[in-house]
Amino acid sequence: MTARPLIEIEGLRVVFQGDDGRTTHAVDSVDLSVANGATLGLVGESGCGKSVTSLAIMGLLPKQSAAVSGAIRFDGVDLLGVPDETLRDLRGNRLAMIFQEPMTSLNPSFTIGDQIIETILRHRGGGRRNARERTIELLRRVHIPSPEKRIDEFPHKLSGGMRQRVMIAMALACDPQLLIADEPTTALDVTLQAQILDLMRELKAASGAAIILITHDLGVVAEVCDEVAVMYAGEIVERAAVDELFANPQHPYTVGLLGSIPRLDRRTTHLATIEGMVPNMATPPAGCRFAARCPFVEDACVKTPPPLAMLNATHASRCIRAPLERLVS
Amino acid sequence: MSAALIDVKNLRRVFDVSKPWLNRVLEGGHLEFLKAVDGVSFDIKRGETLALVGESGSGKTTVARMVVGLLPPTSGEVIIDGVSMTDPRQAQARRRLRRRIQMIFQDPYASLNPRFRVDAIVAEPIRAFELIQGERDIKARVGELLSLVGLHPDDGLKFPHEFSGGQRQRIAIARALASEAEFIVCDEPTSALDVSVQAQILNLMRDLQDKFGLTYLFISHNLAVVRHMASRIGVMYLGRIVEITEGRRLFDNPRMPYTKMLLGAVPDLAMSGRQRIPVKGEIPNPINPPPGCAFNPRCPLAFELCRRKTPELIDGVACHSVNNPAAAIPA
């Protein structure tokens, strides 16, 4: 672990302006940091703002409709302040992203080789022949069989798992320092998911890149991450080292989320559920955003928004009633 | 009751996936067939939940569609409460049976008519089977059904787009219950939902089962969900059931190598660092499956017989090295 994290996000806010004048507070005061070689899992359910956070880091949010504020410092440079040209030099080079849908994120009218070579030529220059050799090497690294032949194939000839490998090869093309993987295995079967997760672990060990893994699946987090941040309604509600979070969750939402997952290792008659629904983010509630669904709610919760308070050196929770142990008993 | 409510015998379904005739003549190529389901047999007792698990393309949805009669089988038979779903002589009895079978589909965004109000959607089976006469009584029954699945009777006046995914799935469940169905086929009912919503729907389905003694055929790719829901589980691979047994036995002591691989692939929430079989290869092309046991190219225990002869389902498992340990090569 180095002293200064590779990426530091402070007070990130994203507000979308709708056509009809409505505003949606998609992400609110998010603070995150990832050190070199570390893997951070960003978990939450649909609409909690995890993908918007990653798109904000990559500078891929539409400028007309999304107001992004706060600071995203990548290796000391604030990405929100730099011109587009600088961002273009970083994306695909030192910053790379793997998208969720391997079916739609590859261009169907170019061979997979062309698409990877394009990235290499844009950032590294050099001859096409060298780029092609490097591409074959990359395809071999992500365990695509006979890469010399596969390089000239079009995406439709590959299965879902193979396409996701191509996406990973493309993201790795210029040895990124930060890799953002947005639900990389959601569209895949469990056996393929296991293969892709193995591959990610292997690459993490080999490259030393920092990884932000975005997922709704806590099982995936348990498999590959060092640290976890749980998001709810645009905010980070809990942050901890991975084993700490699973063993000792300190936010009622995390507790509910963990309880609602059917498990292989135990069988219960009833799964825990979180009653109610996610608040409307056009008008977020004044106090704690989880208050309306929280079993431990008290008056103070609905009045003022709780801060993300440190419980110990590595564990933070946005709940004024934490630690929760005394409440459960 | 010991007699099976559902009896499925040697069900097969072949799809013709050849190019059109003219293309075959001009460009060459011959007829190609995809065996989506290849000899599947199982039974489900009254009040029981049988789950079929498998990866994409294993044929589980095709089985579900054939069981409810949405897709005619190529061969084989589905018998529900003694009535054959395929025998033309039993058409009369089958019509009476229809009411008792319902299905819940995977995508709650596609399975509700967007132009119908919710009360019309839920009332449709009641009207179709003429279960209740009189608008007032129908309306009262719809309100009752909506409350039963955790919605408000006034929600009946809304359209499907006003509801979230979990609520839509509740509407689909209310519709299935409207005809007083006894047997419900659930095809991936929660795979489009978030985990916390999934938990609500799974709990609801279990409660309704206890309340009405429902029988479920539950199709899913998620092993943890299946473990939670099912009393018996069948694992499918390339159109066949490769292992079928009680839920607890399957998870504690999987026998078929594919089941072991599948179980090992599930992300481990407990982080126990359990031993797992690494996943090798991918599902072969079902148009041209490998000879013998379809799993043999990926199987760590495969031996000569596996490449030659398709194993029979004996004592709940279709595997040469399990059923015939003497001939097998020790791993």
# chains A, B, ... in the order shown; residues from 1 in each chain; ligands from 1
>>> interface_residues(of="chain B", to="chain A", cutoff="7 Å", atoms="only C-alpha atoms", output="MDAnalysis selection string")
chainID B and resid 55:56 194:196 199:200 203 224:225 227:228 262 265:269 271 279
>>> select_by_dssp(residues="segment 23-170 of chain B", states="strand (DSSP E or B)", output="MDAnalysis selection string")
chainID B and resid 33:45 49:53 75:80 83:84 101:104
>>> closest_residue(among="B:Gly166, B:Asn296, B:Leu151, B:His221", to="Gln198 of chain B", atoms="only C-alpha atoms")
B:Gly166
>>> closest_residue(among="B:Leu193, B:Leu217, B:Val83, B:Met229", to="Thr61 of chain B", atoms="only C-alpha atoms")
B:Leu217
>>> select_by_dssp(residues="segment 63-148 of chain A", states="helix (DSSP H, G or I)", output="number ranges by chain")
A: 84-90, 112-124, 128-141, 147-148
>>> closest_residue(among="A:Glu238, A:Asp75, A:Glu101, A:Asp84", to="Lys63 of chain A", atoms="only C-alpha atoms")
A:Asp84
>>> residues_around(residues="Leu172 of chain A", least_positions_apart="6", cutoff="12 Å", atoms="only C-alpha atoms", output="ChimeraX atom specification")
/A:91-98,116-117,119-120,134-135,137-139,141-142,165-166,178-181,200,203-204,206-209,211
>>> residues_around(residues="Ile121 of chain B", least_positions_apart="4", cutoff="9 Å", atoms="only C-alpha atoms", output="list of chain:residue names")
B:Leu112, B:Asn113, B:Phe116, B:Arg117, B:Pro125, B:Gly156, B:Ile171, B:Ala172, B:Arg175
>>> closest_residue(among="B:Gln169, B:Pro290, B:Gly39, B:Lys139", to="Lys309 of chain B", atoms="only C-alpha atoms")
B:Pro290
>>> atom_distance(atom1="atom CA of Val237 of chain A", atom2="atom CA of Ser317 of chain A")
5.7 Å
